[in-house]
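Colleague: mmCIF, C-alpha atoms and all ligand atoms, file input31.cif:
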```cif
data_query
#
loop_
_atom_site.label_atom_id
_atom_site.label_comp_id
_atom_site.auth_asym_id
_atom_site.auth_seq_id
_atom_site.Cartn_x
_atom_site.Cartn_y
_atom_site.Cartn_z
CA MET M 1486 0.00 0.00 0.00
CA ALA M 1487 1.36 3.42 -0.91
CA ASN M 1488 2.25 5.37 2.18
CA ASN M 1489 1.38 9.05 1.87
CA PRO M 1490 2.50 10.84 4.99
CA ILE M 1491 -0.06 13.31 6.33
CA LYS M 1492 0.88 16.97 5.98
CA ALA M 1493 -0.06 20.02 8.03
CA VAL M 1494 -3.25 21.90 7.14
CA LYS M 1495 -2.91 24.56 4.43
CA GLY M 1496 -1.95 27.95 5.85
CA VAL M 1497 -0.73 26.37 9.08
CA LYS M 1498 2.93 25.83 9.78
CA ASP M 1499 5.30 24.20 12.21
CA ILE M 1500 7.74 26.37 14.09
CA LEU M 1501 10.88 24.29 14.00
CA PRO M 1502 13.44 24.37 16.82
CA ALA M 1503 15.80 26.73 14.96
CA ASP M 1504 12.99 29.30 14.65
CA ALA M 1505 11.38 28.56 18.00
CA THR M 1506 14.41 29.88 19.89
CA LEU M 1507 13.99 33.23 18.10
CA TRP M 1508 10.23 33.19 18.86
CA ARG M 1509 10.97 32.68 22.53
CA GLU M 1510 13.52 35.48 22.51
CA VAL M 1511 10.97 37.88 20.98
CA GLU M 1512 8.48 36.74 23.61
CA ARG M 1513 11.06 37.25 26.36
CA ARG M 1514 11.72 40.81 25.21
CA ALA M 1515 7.98 41.51 25.06
CA ARG M 1516 7.58 40.28 28.65
CA ALA M 1517 10.42 42.58 29.73
CA GLN M 1518 8.59 45.60 28.27
CA PHE M 1519 5.23 44.54 29.73
CA ALA M 1520 6.88 44.31 33.16
CA ARG M 1521 8.19 47.89 32.86
CA PHE M 1522 4.63 49.12 32.37
CA GLY M 1523 3.04 46.91 35.01
CA PHE M 1524 1.13 44.58 32.65
CA LYS M 1525 0.34 41.04 33.89
CA GLU M 1526 -0.12 37.95 31.74
CA ILE M 1527 -3.52 36.36 31.19
CA VAL M 1528 -3.74 32.94 29.53
CA LEU M 1529 -6.99 32.77 27.59
CA PRO M 1530 -8.81 29.78 26.08
CA ILE M 1531 -8.28 29.11 22.39
CA PHE M 1532 -12.01 28.71 21.73
CA GLU M 1533 -15.06 30.54 22.98
CA LYS M 1534 -18.79 30.61 22.42
CA THR M 1535 -19.27 32.02 18.92
CA GLU M 1536 -21.27 35.00 20.21
CA VAL M 1537 -18.17 36.31 22.07
CA PHE M 1538 -16.69 37.18 18.68
CA VAL M 1539 -19.86 38.01 16.77
CA LYS M 1540 -20.74 40.60 19.42
CA GLY M 1541 -17.20 41.57 20.33
CA VAL M 1542 -15.51 41.81 16.93
CA GLY M 1543 -18.61 42.98 15.07
CA GLU M 1544 -21.04 41.27 12.71
CA GLU M 1545 -20.06 43.48 9.79
CA THR M 1546 -16.36 42.70 9.88
CA ASP M 1547 -14.60 40.43 7.37
CA ILE M 1548 -13.41 38.35 10.30
CA VAL M 1549 -16.90 37.43 11.46
CA GLN M 1550 -18.47 37.22 8.02
CA LYS M 1551 -15.85 35.16 6.22
CA GLU M 1552 -12.91 34.06 8.29
CA MET M 1553 -13.95 32.36 11.50
CA TYR M 1554 -13.45 28.69 12.26
CA THR M 1555 -16.85 27.98 13.75
CA PHE M 1556 -18.20 24.54 14.56
CA GLN M 1557 -20.88 22.83 16.58
CA ASP M 1558 -19.63 20.56 19.31
CA GLN M 1559 -21.31 17.28 20.23
CA GLY M 1560 -23.67 19.15 22.58
CA GLY M 1561 -24.89 21.33 19.72
CA GLU M 1562 -23.20 24.49 21.00
CA SER M 1563 -21.67 26.85 18.46
CA LEU M 1564 -17.99 27.40 19.25
CA THR M 1565 -15.30 29.39 17.47
CA LEU M 1566 -11.51 29.23 17.44
CA ARG M 1567 -10.51 32.71 18.51
CA PRO M 1568 -9.75 35.01 15.57
CA GLU M 1569 -8.29 37.70 17.84
CA GLY M 1570 -7.64 38.27 21.53
CA THR M 1571 -9.52 41.38 22.64
CA ALA M 1572 -13.03 39.90 22.66
CA SER M 1573 -11.86 36.97 24.82
CA CYS M 1574 -9.96 39.31 27.11
CA VAL M 1575 -13.09 41.45 27.58
CA ARG M 1576 -15.18 38.33 28.25
CA ALA M 1577 -12.70 37.27 30.95
CA PHE M 1578 -12.48 40.81 32.38
CA ILE M 1579 -16.25 40.87 32.90
CA GLU M 1580 -16.59 37.24 34.00
CA HIS M 1581 -14.01 37.69 36.78
CA SER M 1582 -15.23 41.18 37.81
CA MET M 1583 -11.75 42.59 37.32
CA TYR M 1584 -13.31 46.08 37.37
CA HIS M 1585 -13.80 45.86 41.17
CA PRO M 1586 -13.42 48.15 43.07
CA PRO M 1587 -14.50 51.03 40.81
CA GLY M 1588 -11.55 52.97 39.48
CA THR M 1589 -9.34 49.88 39.22
CA ILE M 1590 -6.79 49.94 36.41
CA THR M 1591 -6.24 46.47 34.93
CA LYS M 1592 -3.31 45.89 32.56
CA LEU M 1593 -3.21 42.52 30.81
CA TYR M 1594 -1.14 40.90 28.10
CA TYR M 1595 -1.40 37.60 26.27
CA PHE M 1596 0.48 35.44 23.79
CA GLY M 1597 -0.86 32.76 21.57
CA PRO M 1598 -2.32 31.43 18.36
CA MET M 1599 -5.31 33.01 16.60
CA PHE M 1600 -7.27 31.43 13.75
CA ARG M 1601 -8.68 32.99 10.60
CA ARG M 1602 -9.54 31.30 7.36
CA GLU M 1603 -7.85 33.89 5.17
CA ARG M 1604 -6.59 33.32 1.66
CA PRO M 1605 -3.07 31.98 2.26
CA GLN M 1606 -0.45 34.43 1.02
CA ALA M 1607 3.06 35.49 1.95
CA GLY M 1608 3.25 36.21 5.66
CA ARG M 1609 -0.40 35.31 6.27
CA PHE M 1610 -1.34 32.15 8.07
CA ARG M 1611 -4.59 30.57 9.15
CA GLN M 1612 -3.08 29.83 12.51
CA PHE M 1613 -0.97 32.83 13.41
CA TYR M 1614 0.47 34.14 16.64
CA GLN M 1615 -0.27 37.37 18.37
CA ILE M 1616 1.11 39.30 21.28
CA GLY M 1617 -1.59 41.53 22.68
CA ALA M 1618 -2.12 43.99 25.51
CA GLU M 1619 -5.23 45.57 27.00
CA LEU M 1620 -5.46 48.41 29.51
CA PHE M 1621 -8.83 48.68 31.25
CA GLY M 1622 -10.19 51.52 33.36
CA ALA M 1623 -8.45 54.66 32.08
CA LEU M 1624 -10.21 57.35 30.09
CA GLU M 1625 -7.18 59.63 30.16
CA PRO M 1626 -5.30 60.29 26.91
CA GLU M 1627 -2.06 59.59 28.77
CA ALA M 1628 -3.13 55.92 28.84
CA ASP M 1629 -3.25 55.97 25.03
CA ALA M 1630 0.23 57.52 24.90
CA GLU M 1631 1.61 55.00 27.39
CA ALA M 1632 0.13 52.03 25.53
CA ILE M 1633 1.75 53.30 22.33
CA HIS M 1634 5.02 53.88 24.20
CA LEU M 1635 5.01 50.27 25.37
CA LEU M 1636 4.41 49.06 21.83
CA TRP M 1637 7.09 51.37 20.46
CA LEU M 1638 9.75 50.33 22.99
CA PHE M 1639 9.08 46.66 22.28
CA ILE M 1640 9.36 47.20 18.54
CA GLN M 1641 12.69 48.92 19.06
CA SER M 1642 13.90 46.21 21.40
CA ILE M 1643 13.60 43.63 18.62
CA ASN M 1644 15.28 45.76 15.92
CA ILE M 1645 12.28 46.16 13.59
CA LYS M 1646 13.33 47.64 10.24
CA GLY M 1647 12.00 51.14 9.50
CA PRO M 1648 9.02 51.18 11.87
CA ARG M 1649 6.42 53.92 11.31
CA LEU M 1650 3.59 54.79 13.61
CA TYR M 1651 0.30 56.00 12.11
CA LEU M 1652 -2.26 57.69 14.28
CA ASN M 1653 -5.90 58.66 13.93
CA SER M 1654 -8.94 59.34 16.06
CA LEU M 1655 -12.28 57.80 15.11
CA GLY M 1656 -14.28 60.18 17.31
CA CYS M 1657 -17.16 59.19 19.57
CA ASP M 1658 -20.94 58.72 19.53
CA THR M 1659 -21.35 62.50 19.38
CA CYS M 1660 -19.10 63.28 16.44
CA ARG M 1661 -19.48 60.07 14.47
CA PRO M 1662 -23.14 60.35 13.35
CA PRO M 1663 -22.66 63.60 11.35
CA PHE M 1664 -19.47 62.17 9.85
CA ARG M 1665 -21.23 58.91 8.99
CA ALA M 1666 -24.06 60.82 7.34
CA ALA M 1667 -21.58 62.82 5.25
CA LEU M 1668 -19.78 59.61 4.30
CA VAL M 1669 -22.99 57.76 3.36
CA ASN M 1670 -24.02 60.75 1.20
CA PHE M 1671 -20.66 60.75 -0.50
CA LEU M 1672 -20.80 56.98 -1.13
CA THR M 1673 -24.39 57.01 -2.36
CA ALA M 1674 -23.37 59.42 -5.10
CA ARG M 1675 -20.57 57.01 -6.14
CA LYS M 1676 -22.33 53.72 -5.48
CA GLU M 1677 -21.67 52.20 -8.95
CA ARG M 1678 -17.92 52.51 -8.49
CA LEU M 1679 -17.94 50.43 -5.28
CA CYS M 1680 -17.36 46.69 -5.20
CA GLU M 1681 -20.30 44.36 -4.58
CA THR M 1682 -19.46 43.86 -0.89
CA CYS M 1683 -19.24 47.58 -0.24
CA GLN M 1684 -22.45 48.29 -2.14
CA GLY M 1685 -24.12 45.91 0.26
CA ARG M 1686 -22.64 47.35 3.45
CA TYR M 1687 -21.88 51.02 2.95
CA GLN M 1688 -25.19 52.22 4.40
CA ARG M 1689 -24.94 50.12 7.53
CA ASN M 1690 -21.20 50.49 7.99
CA PRO M 1691 -19.64 53.09 5.69
CA LEU M 1692 -16.31 53.08 7.57
CA ARG M 1693 -15.58 49.56 6.32
CA VAL M 1694 -15.16 50.93 2.78
CA PHE M 1695 -11.91 52.62 3.94
CA ASP M 1696 -10.54 49.13 4.59
CA CYS M 1697 -11.67 47.59 1.30
CA LYS M 1698 -8.86 46.27 -0.88
CA ALA M 1699 -10.85 46.54 -4.16
CA GLN M 1700 -9.24 49.06 -6.50
CA GLY M 1701 -12.46 50.91 -7.32
CA CYS M 1702 -13.28 51.37 -3.64
CA GLN M 1703 -9.76 52.53 -2.80
CA GLN M 1704 -9.94 55.10 -5.58
CA VAL M 1705 -13.30 56.44 -4.40
CA MET M 1706 -12.05 56.68 -0.82
CA THR M 1707 -9.11 58.95 -1.66
CA GLU M 1708 -11.65 61.77 -1.96
CA ALA M 1709 -13.98 60.68 0.81
CA PRO M 1710 -14.73 62.98 3.75
CA THR M 1711 -12.59 62.21 6.78
CA ILE M 1712 -13.43 62.17 10.46
CA ASP M 1713 -10.93 64.86 11.46
CA LYS M 1714 -13.26 67.60 10.22
CA HIS M 1715 -16.03 66.37 12.52
CA TYR M 1716 -14.47 65.97 15.99
CA CYS M 1717 -16.54 67.19 18.93
CA PRO M 1718 -14.64 69.40 21.43
CA ASP M 1719 -14.02 66.46 23.80
CA CYS M 1720 -12.61 64.22 21.08
CA GLN M 1721 -10.47 67.05 19.74
CA ALA M 1722 -9.09 67.73 23.25
CA HIS M 1723 -8.45 64.01 23.83
CA PHE M 1724 -6.63 63.60 20.55
CA ASP M 1725 -4.54 66.72 21.14
CA ARG M 1726 -3.41 65.36 24.49
CA VAL M 1727 -2.53 61.97 22.98
CA LYS M 1728 -0.36 63.75 20.43
CA LYS M 1729 1.21 65.90 23.13
CA GLY M 1730 1.91 62.77 25.15
CA LEU M 1731 3.64 61.09 22.23
CA GLU M 1732 5.74 64.20 21.69
CA ALA M 1733 6.70 64.26 25.38
CA LEU M 1734 7.81 60.62 25.06
CA ALA M 1735 9.74 61.38 21.84
CA ILE M 1736 7.69 58.92 19.77
CA PRO M 1737 7.51 59.94 16.11
CA TYR M 1738 4.07 59.55 14.52
CA GLU M 1739 2.24 60.39 11.32
CA LEU M 1740 -1.42 61.30 11.14
CA ASN M 1741 -3.63 59.24 8.83
CA SER M 1742 -7.24 60.35 8.90
CA ARG M 1743 -8.30 57.46 6.60
CA MET M 1744 -7.14 54.73 8.94
CA VAL M 1745 -10.16 52.98 10.52
CA ARG M 1746 -8.76 49.55 11.51
CA GLY M 1747 -10.59 46.35 10.58
CA LEU M 1748 -12.67 46.00 13.74
CA ASP M 1749 -15.97 47.58 14.72
CA TYR M 1750 -15.36 48.32 18.36
CA TYR M 1751 -12.83 51.15 18.17
CA ASN M 1752 -13.51 54.77 19.11
CA ARG M 1753 -11.19 57.76 19.46
CA THR M 1754 -7.50 56.84 19.25
CA VAL M 1755 -6.47 54.18 16.74
CA PHE M 1756 -2.92 53.40 15.65
CA GLU M 1757 -0.92 51.13 13.45
CA VAL M 1758 2.77 50.34 13.06
CA THR M 1759 4.26 49.35 9.73
CA ALA M 1760 7.72 48.00 8.91
CA GLU M 1761 9.97 48.06 5.88
CA GLY M 1762 10.38 45.14 3.52
CA LEU M 1763 6.95 43.54 3.88
CA GLY M 1764 5.41 44.77 0.63
CA SER M 1765 1.91 46.23 0.55
CA GLN M 1766 0.66 44.31 3.61
CA ASN M 1767 3.23 46.02 5.80
CA SER M 1768 1.32 46.37 9.07
CA ILE M 1769 2.94 44.59 12.02
CA ALA M 1770 0.84 45.95 14.89
CA GLY M 1771 -2.30 47.90 15.53
CA GLY M 1772 -4.70 48.90 18.20
CA GLY M 1773 -6.92 51.53 19.63
CA ARG M 1774 -9.39 52.63 22.22
CA TYR M 1775 -12.65 50.73 22.73
CA ASP M 1776 -14.54 52.54 25.46
CA ASP M 1777 -17.95 50.93 24.78
CA LEU M 1778 -17.06 47.30 24.20
CA ILE M 1779 -17.22 46.24 27.84
CA LYS M 1780 -20.61 47.86 28.37
CA ASN M 1781 -21.88 46.44 25.07
CA SER M 1782 -20.67 42.99 26.11
CA GLY M 1783 -22.79 43.09 29.28
CA GLY M 1784 -20.26 44.60 31.69
CA PRO M 1785 -20.08 48.00 33.38
CA ALA M 1786 -19.01 51.15 31.53
CA VAL M 1787 -15.22 50.74 31.69
CA PRO M 1788 -13.04 52.45 29.09
CA ALA M 1789 -10.21 50.47 27.51
CA ILE M 1790 -7.36 50.60 25.05
CA GLY M 1791 -5.27 47.82 23.57
CA PHE M 1792 -3.09 46.60 20.75
CA ALA M 1793 -1.89 43.39 19.13
CA LEU M 1794 1.18 42.39 17.13
CA GLY M 1795 1.47 39.59 14.61
CA VAL M 1796 4.50 37.51 15.54
CA GLU M 1797 5.18 35.98 12.08
CA ARG M 1798 5.31 39.40 10.48
CA LEU M 1799 7.42 40.80 13.31
CA LEU M 1800 10.01 38.09 12.73
CA GLU M 1801 10.08 38.94 9.03
CA SER M 1802 10.77 42.58 9.80
CA ILE M 1803 13.70 42.16 12.16
CA GLY M 1804 16.68 44.05 10.76
CA THR M 1805 19.86 43.56 12.79
CA PRO M 1806 19.71 39.96 14.12
CA LEU M 1807 18.89 39.71 17.82
CA GLU M 1808 21.72 38.60 20.05
CA PHE M 1809 20.74 35.92 22.49
CA SER M 1810 21.87 32.57 23.80
CA PRO M 1811 20.12 29.87 21.77
CA GLY M 1812 20.44 27.32 24.57
CA HIS M 1813 23.67 25.40 24.04
CA PRO M 1814 24.61 22.56 26.42
CA ASP M 1815 27.04 23.48 29.20
CA VAL M 1816 28.94 20.24 29.01
CA PHE M 1817 29.36 17.60 26.31
CA ILE M 1818 30.48 14.24 27.72
CA VAL M 1819 32.92 12.38 25.48
CA TYR M 1820 33.58 8.82 26.61
CA MET M 1821 35.02 5.46 25.66
CA GLU M 1822 32.99 2.26 25.67
CA ALA M 1823 34.59 1.08 28.94
CA ALA M 1824 33.38 4.29 30.66
CA ALA M 1825 29.81 4.07 29.32
CA ASP M 1826 28.17 3.30 32.68
CA GLU M 1827 30.16 6.00 34.48
CA ALA M 1828 29.37 8.58 31.74
CA PHE M 1829 25.67 7.71 32.01
CA ARG M 1830 25.73 8.20 35.79
CA ILE M 1831 27.72 11.45 35.53
CA ALA M 1832 25.24 12.89 33.03
CA GLY M 1833 22.48 12.14 35.54
CA ARG M 1834 24.42 13.71 38.43
CA LEU M 1835 25.16 16.90 36.51
CA ARG M 1836 21.63 17.31 35.16
CA ARG M 1837 20.23 16.94 38.68
CA THR M 1838 22.29 19.97 39.73
CA GLY M 1839 20.93 22.01 36.82
CA ILE M 1840 23.79 21.65 34.34
CA ALA M 1841 22.78 21.14 30.69
CA VAL M 1842 24.49 17.98 29.45
CA GLU M 1843 24.73 16.39 26.03
CA LYS M 1844 26.24 13.01 25.25
CA ALA M 1845 25.91 10.22 22.73
CA PHE M 1846 23.84 7.17 23.65
CA LYS M 1847 26.45 5.02 21.99
CA PRO M 1848 30.10 6.15 21.87
CA ALA M 1849 31.62 6.58 18.41
CA SER M 1850 35.35 7.32 18.06
CA LEU M 1851 36.79 10.04 20.32
CA LYS M 1852 37.43 12.18 17.26
CA ASN M 1853 33.82 11.85 16.13
CA GLN M 1854 32.51 12.73 19.59
CA MET M 1855 34.84 15.73 19.90
CA GLY M 1856 33.52 16.99 16.54
CA LYS M 1857 29.96 16.74 17.86
CA ALA M 1858 30.98 18.48 21.08
CA ASP M 1859 32.43 21.39 19.09
CA LYS M 1860 29.34 21.62 16.92
CA SER M 1861 26.98 21.56 19.89
CA GLY M 1862 28.23 24.94 21.09
CA ALA M 1863 28.94 23.47 24.55
CA ARG M 1864 31.36 25.37 26.75
CA PHE M 1865 33.18 22.28 27.99
CA ALA M 1866 33.89 18.73 26.88
CA LEU M 1867 34.27 16.25 29.73
CA ILE M 1868 36.45 13.39 28.50
CA ILE M 1869 36.34 9.99 30.23
CA GLY M 1870 38.44 7.08 29.00
CA GLU M 1871 39.75 3.91 30.69
CA GLU M 1872 42.63 5.76 32.29
CA GLU M 1873 40.36 8.51 33.63
CA LEU M 1874 38.08 5.85 35.04
CA ALA M 1875 41.01 4.21 36.87
CA THR M 1876 42.30 7.50 38.35
CA ARG M 1877 38.76 8.82 39.01
CA THR M 1878 39.86 12.02 37.25
CA ALA M 1879 38.37 13.15 33.91
CA ILE M 1880 39.78 15.67 31.47
CA LEU M 1881 37.87 18.91 31.14
CA LYS M 1882 38.47 20.70 27.88
CA ASN M 1883 37.39 24.31 27.46
CA LEU M 1884 35.99 24.33 23.93
CA LYS M 1885 36.14 28.11 23.63
CA ASN M 1886 39.94 28.42 24.15
CA SER M 1887 41.05 24.76 23.80
CA THR M 1888 42.79 24.64 27.19
CA GLN M 1889 42.34 21.50 29.29
CA GLN M 1890 42.74 20.41 32.87
CA PRO M 1891 42.23 17.29 34.98
CA ILE M 1892 39.08 17.33 37.09
CA PRO M 1893 38.29 14.81 39.88
CA LEU M 1894 35.06 12.86 39.39
CA ALA M 1895 34.31 12.94 43.13
CA ASN M 1896 32.93 16.46 43.39
CA LEU M 1897 32.33 17.17 39.72
CA GLU M 1898 29.03 18.95 40.40
CA GLU M 1899 30.63 21.64 42.58
CA SER M 1900 33.71 22.21 40.44
CA LEU M 1901 31.71 22.39 37.18
CA THR M 1902 29.09 24.70 38.67
CA GLY M 1903 31.93 26.96 39.84
CA LEU M 1904 33.55 26.99 36.39
CA LEU M 1905 30.24 27.60 34.58
CA THR M 1906 29.24 30.56 36.72
CA SER M 1907 32.68 32.17 36.74
ZN ZN M 2001 -16.51 63.05 19.86
ZN ZN M 2002 -15.20 47.50 -1.63
#
```
Could you take the file, read its structure, and then write that structure out as structure tokens?

Modeller:
Amino acid sequence: MANNPIKAVKGVKDILPADATLWREVERRARAQFARFGFKEIVLPIFEKTEVFVKGVGEETDIVQKEMYTFQDQGGESLTLRPEGTASCVRAFIEHSMYHPPGTITKLYYFGPMFRRERPQAGRFRQFYQIGAELFGALEPEADAEAIHLLWLFIQSINIKGPRLYLNSLGCDTCRPPFRAALVNFLTARKERLCETCQGRYQRNPLRVFDCKAQGCQQVMTEAPTIDKHYCPDCQAHFDRVKKGLEALAIPYELNSRMVRGLDYYNRTVFEVTAEGLGSQNSIAGGGRYDDLIKNSGGPAVPAIGFALGVERLLESIGTPLEFSPGHPDVFIVYMEAAADEAFRIAGRLRRTGIAVEKAFKPASLKNQMGKADKSGARFALIIGEEELATRTAILKNLKNSTQQPIPLANLEESLTGLLTS
């Protein structure tokens, strides 16, 4: 029978060990930045009740209409693999009453896979990884500036090539209706030039047309009215203070009054970071304020702001390679057949004390083993032959400078720990 090995699902990939070390390093640097700003990790479930996303992300979004992995489980409940993190985070925030006592500021971050059935293309995956952060409880524009600062410092800490920060405000329930009306008027007059999807949705959700990739729609939108002419005094004041905050923190930004972000829940500040070398889909991070989502999801009126980064695209945009230790062994044990039992026991002893040990299961020639020791990146080779066994003294070779010294087997743990930490 022909044996066709099963392959991974289309648009889904393995992260092999060589890449995984870089992933973990990026994650480590993100955690370091989150700690500076007082954010704490939340580990969220990978699937939720479908309504969490339909209500949270918005019925009119591409995500909900076309891209979700939704299924019925054996109990007949409709469940969905999370397409993004904010809706789940809000669900958890409400479920665990994290808003108590009133005035509490809650800062959360998460890592993990998200799922969207997008058309597979370069840098886009159906299971992709995000790093996200949400700040609950602050209405102040300084919270917006601090969230952006956190994002900006992280992006710099991983050497992203040519990052650019775009900023906009989407206004509020006071200033949006007149803007919407102006936009719907504008689009009605140009209806025939819109794509089929936009013709169907522009009256219910005219902002979505800004996000449409169809050429006709993009052309129409270059002349469309923009929100910045419609801000109410409060939104204008908020946005001015966000900009002032960014200037005080020395974060360069560019205004883009056509940027609406692909999600329905945003109000006021929205932002996006792009990087060089990614082509037309050059966004690596985005976020914004969502002051009504918690209330609309059944919780109290708690303002919030957040952002998310796509890990795959981040990794593609790293310029100068990150310097980090990729996890080499500390010691490589090289041994002769006669010393096999002793080498096995020594490996166990050293690992119990926390030393990372590599050794062959079956000893090849000394030369072969020394070659492997060199290649492993280990700091030391511990060499045990018949003679070393008889004298209870191994040879310790420093693989970085090729010096060697005898080392008694009796208190190997202590002497090696001393050498490794010196
Ligand atoms: Zn407003
Ligand atoms: Zn369109």

Colleague: Any idea what the distance is between atom CA of M:Ile1645 and atom CA of M:Asn1767?

Modeller: 11.9 Å

Colleague: Do you know which residues are within 7 Å of ligand ZN 2001 (chain M) using only C-alpha atoms and all ligand atoms? Can you write them as a list in words?

Modeller: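 The distance check yields Gly1656, Cys1657, Asp1658, Thr1659, Cys1660, Arg1661, Tyr1716, Cys1717, Pro1718, Asp1719 and Cys1720 of chain M.
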
Colleague: Using all atoms listed in the file, determine which residues fall within 7 Å of ligand ZN 2002 (chain M), then list them as a compact mmCIF listing (two decimals) with C-alpha atoms, in the frame of the given file.

Modeller:
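Contents of the output file out10.txt:
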```txt
# COMPACT_ATOMS: atom_id res chain seq x y z
CA LEU M 1679 -17.94 50.43 -5.28
CA CYS M 1680 -17.36 46.69 -5.20
CA GLU M 1681 -20.30 44.36 -4.58
CA THR M 1682 -19.46 43.86 -0.89
CA CYS M 1683 -19.24 47.58 -0.24
CA VAL M 1694 -15.16 50.93 2.78
CA CYS M 1697 -11.67 47.59 1.30
CA LYS M 1698 -8.86 46.27 -0.88
CA ALA M 1699 -10.85 46.54 -4.16
CA CYS M 1702 -13.28 51.37 -3.64
```

Colleague: So the first atom is atom CA of M:Leu1763 and the second is atom CA of M:Arg1649; what is the distance between them in Å, to one decimal place?

Modeller: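 These atoms are spaced 12.8 Å apart.
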
Colleague: Listing only residues of stretch 1716-1811 of chain M within 10 Å of stretch 1708-1711 of chain M, what is the closest atom pair and its distance in Å (to one decimal) for each, using only C-alpha atoms, sorted by chain and residue number ascending, as a Markdown table?

Modeller:
```
| residue | atom | partner | partner_atom | distance |
| --- | --- | --- | --- | --- |
| M:Asn1741 | CA | M:Thr1711 | CA | 9.7 |
| M:Ser1742 | CA | M:Thr1711 | CA | 6.0 |
| M:Arg1743 | CA | M:Thr1711 | CA | 6.4 |
| M:Met1744 | CA | M:Thr1711 | CA | 9.5 |
```

Colleague: With stretch 1517-1532 of chain M as the partner and 6 Å as the cut-off, tabulate the residues of stretch 1564-1586 of chain M that qualify, each row holding the nearest pair of atoms and their distance in Å to one decimal, using all atoms listed in the file, sorted by chain and rising number, as a Markdown table.

Modeller:
```
| residue | atom | partner | partner_atom | distance |
| --- | --- | --- | --- | --- |
| M:Thr1565 | CA | M:Phe1532 | CA | 5.4 |
| M:Leu1566 | CA | M:Phe1532 | CA | 4.4 |
| M:Arg1567 | CA | M:Phe1532 | CA | 5.3 |
```

Colleague: Per residue of stretch 1742-1842 of chain M within 12 Å of stretch 1619-1631 of chain M, what are the shortest atom pair and its distance in Å to one decimal, counting all atoms listed in the file, with rows by chain and residue number, as a Markdown table?

Modeller:
```
| residue | atom | partner | partner_atom | distance |
| --- | --- | --- | --- | --- |
| M:Asn1752 | CA | M:Leu1624 | CA | 11.8 |
| M:Arg1753 | CA | M:Pro1626 | CA | 9.8 |
| M:Thr1754 | CA | M:Asp1629 | CA | 7.2 |
| M:Val1755 | CA | M:Asp1629 | CA | 9.1 |
| M:Phe1756 | CA | M:Asp1629 | CA | 9.7 |
| M:Gly1772 | CA | M:Glu1619 | CA | 9.4 |
| M:Gly1773 | CA | M:Asp1629 | CA | 7.9 |
| M:Arg1774 | CA | M:Asp1629 | CA | 7.5 |
| M:Tyr1775 | CA | M:Phe1621 | CA | 9.6 |
| M:Asp1776 | CA | M:Leu1624 | CA | 8.0 |
| M:Asp1777 | CA | M:Leu1624 | CA | 11.4 |
| M:Leu1778 | CA | M:Phe1621 | CA | 10.9 |
| M:Ile1779 | CA | M:Phe1621 | CA | 9.4 |
| M:Pro1785 | CA | M:Gly1622 | CA | 10.5 |
| M:Ala1786 | CA | M:Gly1622 | CA | 9.0 |
| M:Val1787 | CA | M:Gly1622 | CA | 5.4 |
| M:Pro1788 | CA | M:Gly1622 | CA | 5.2 |
| M:Ala1789 | CA | M:Phe1621 | CA | 4.4 |
| M:Ile1790 | CA | M:Leu1620 | CA | 5.3 |
| M:Gly1791 | CA | M:Glu1619 | CA | 4.1 |
| M:Phe1792 | CA | M:Glu1619 | CA | 6.7 |
| M:Ala1793 | CA | M:Glu1619 | CA | 8.8 |
```

Colleague: Residues proximal to (-18.4, 40.3, 20.4) were defined as those with any atom within 10 Å of that point in the file's coordinates, counting all atoms listed in the file. Which are they, as JSON, numbers by chain?

Modeller: {"M": [1534, 1535, 1536, 1537, 1538, 1539, 1540, 1541, 1542, 1543, 1544, 1549, 1571, 1572, 1573, 1575, 1576, 1749, 1750, 1778, 1779, 1781, 1782]}

Colleague: Neighbours of M:Leu1884 within 12 Å (all atoms listed in the file; same-chain residues fewer than 6 positions away dropped), as number ranges by chain?

Modeller: M: 1814-1817, 1855-1868, 1890
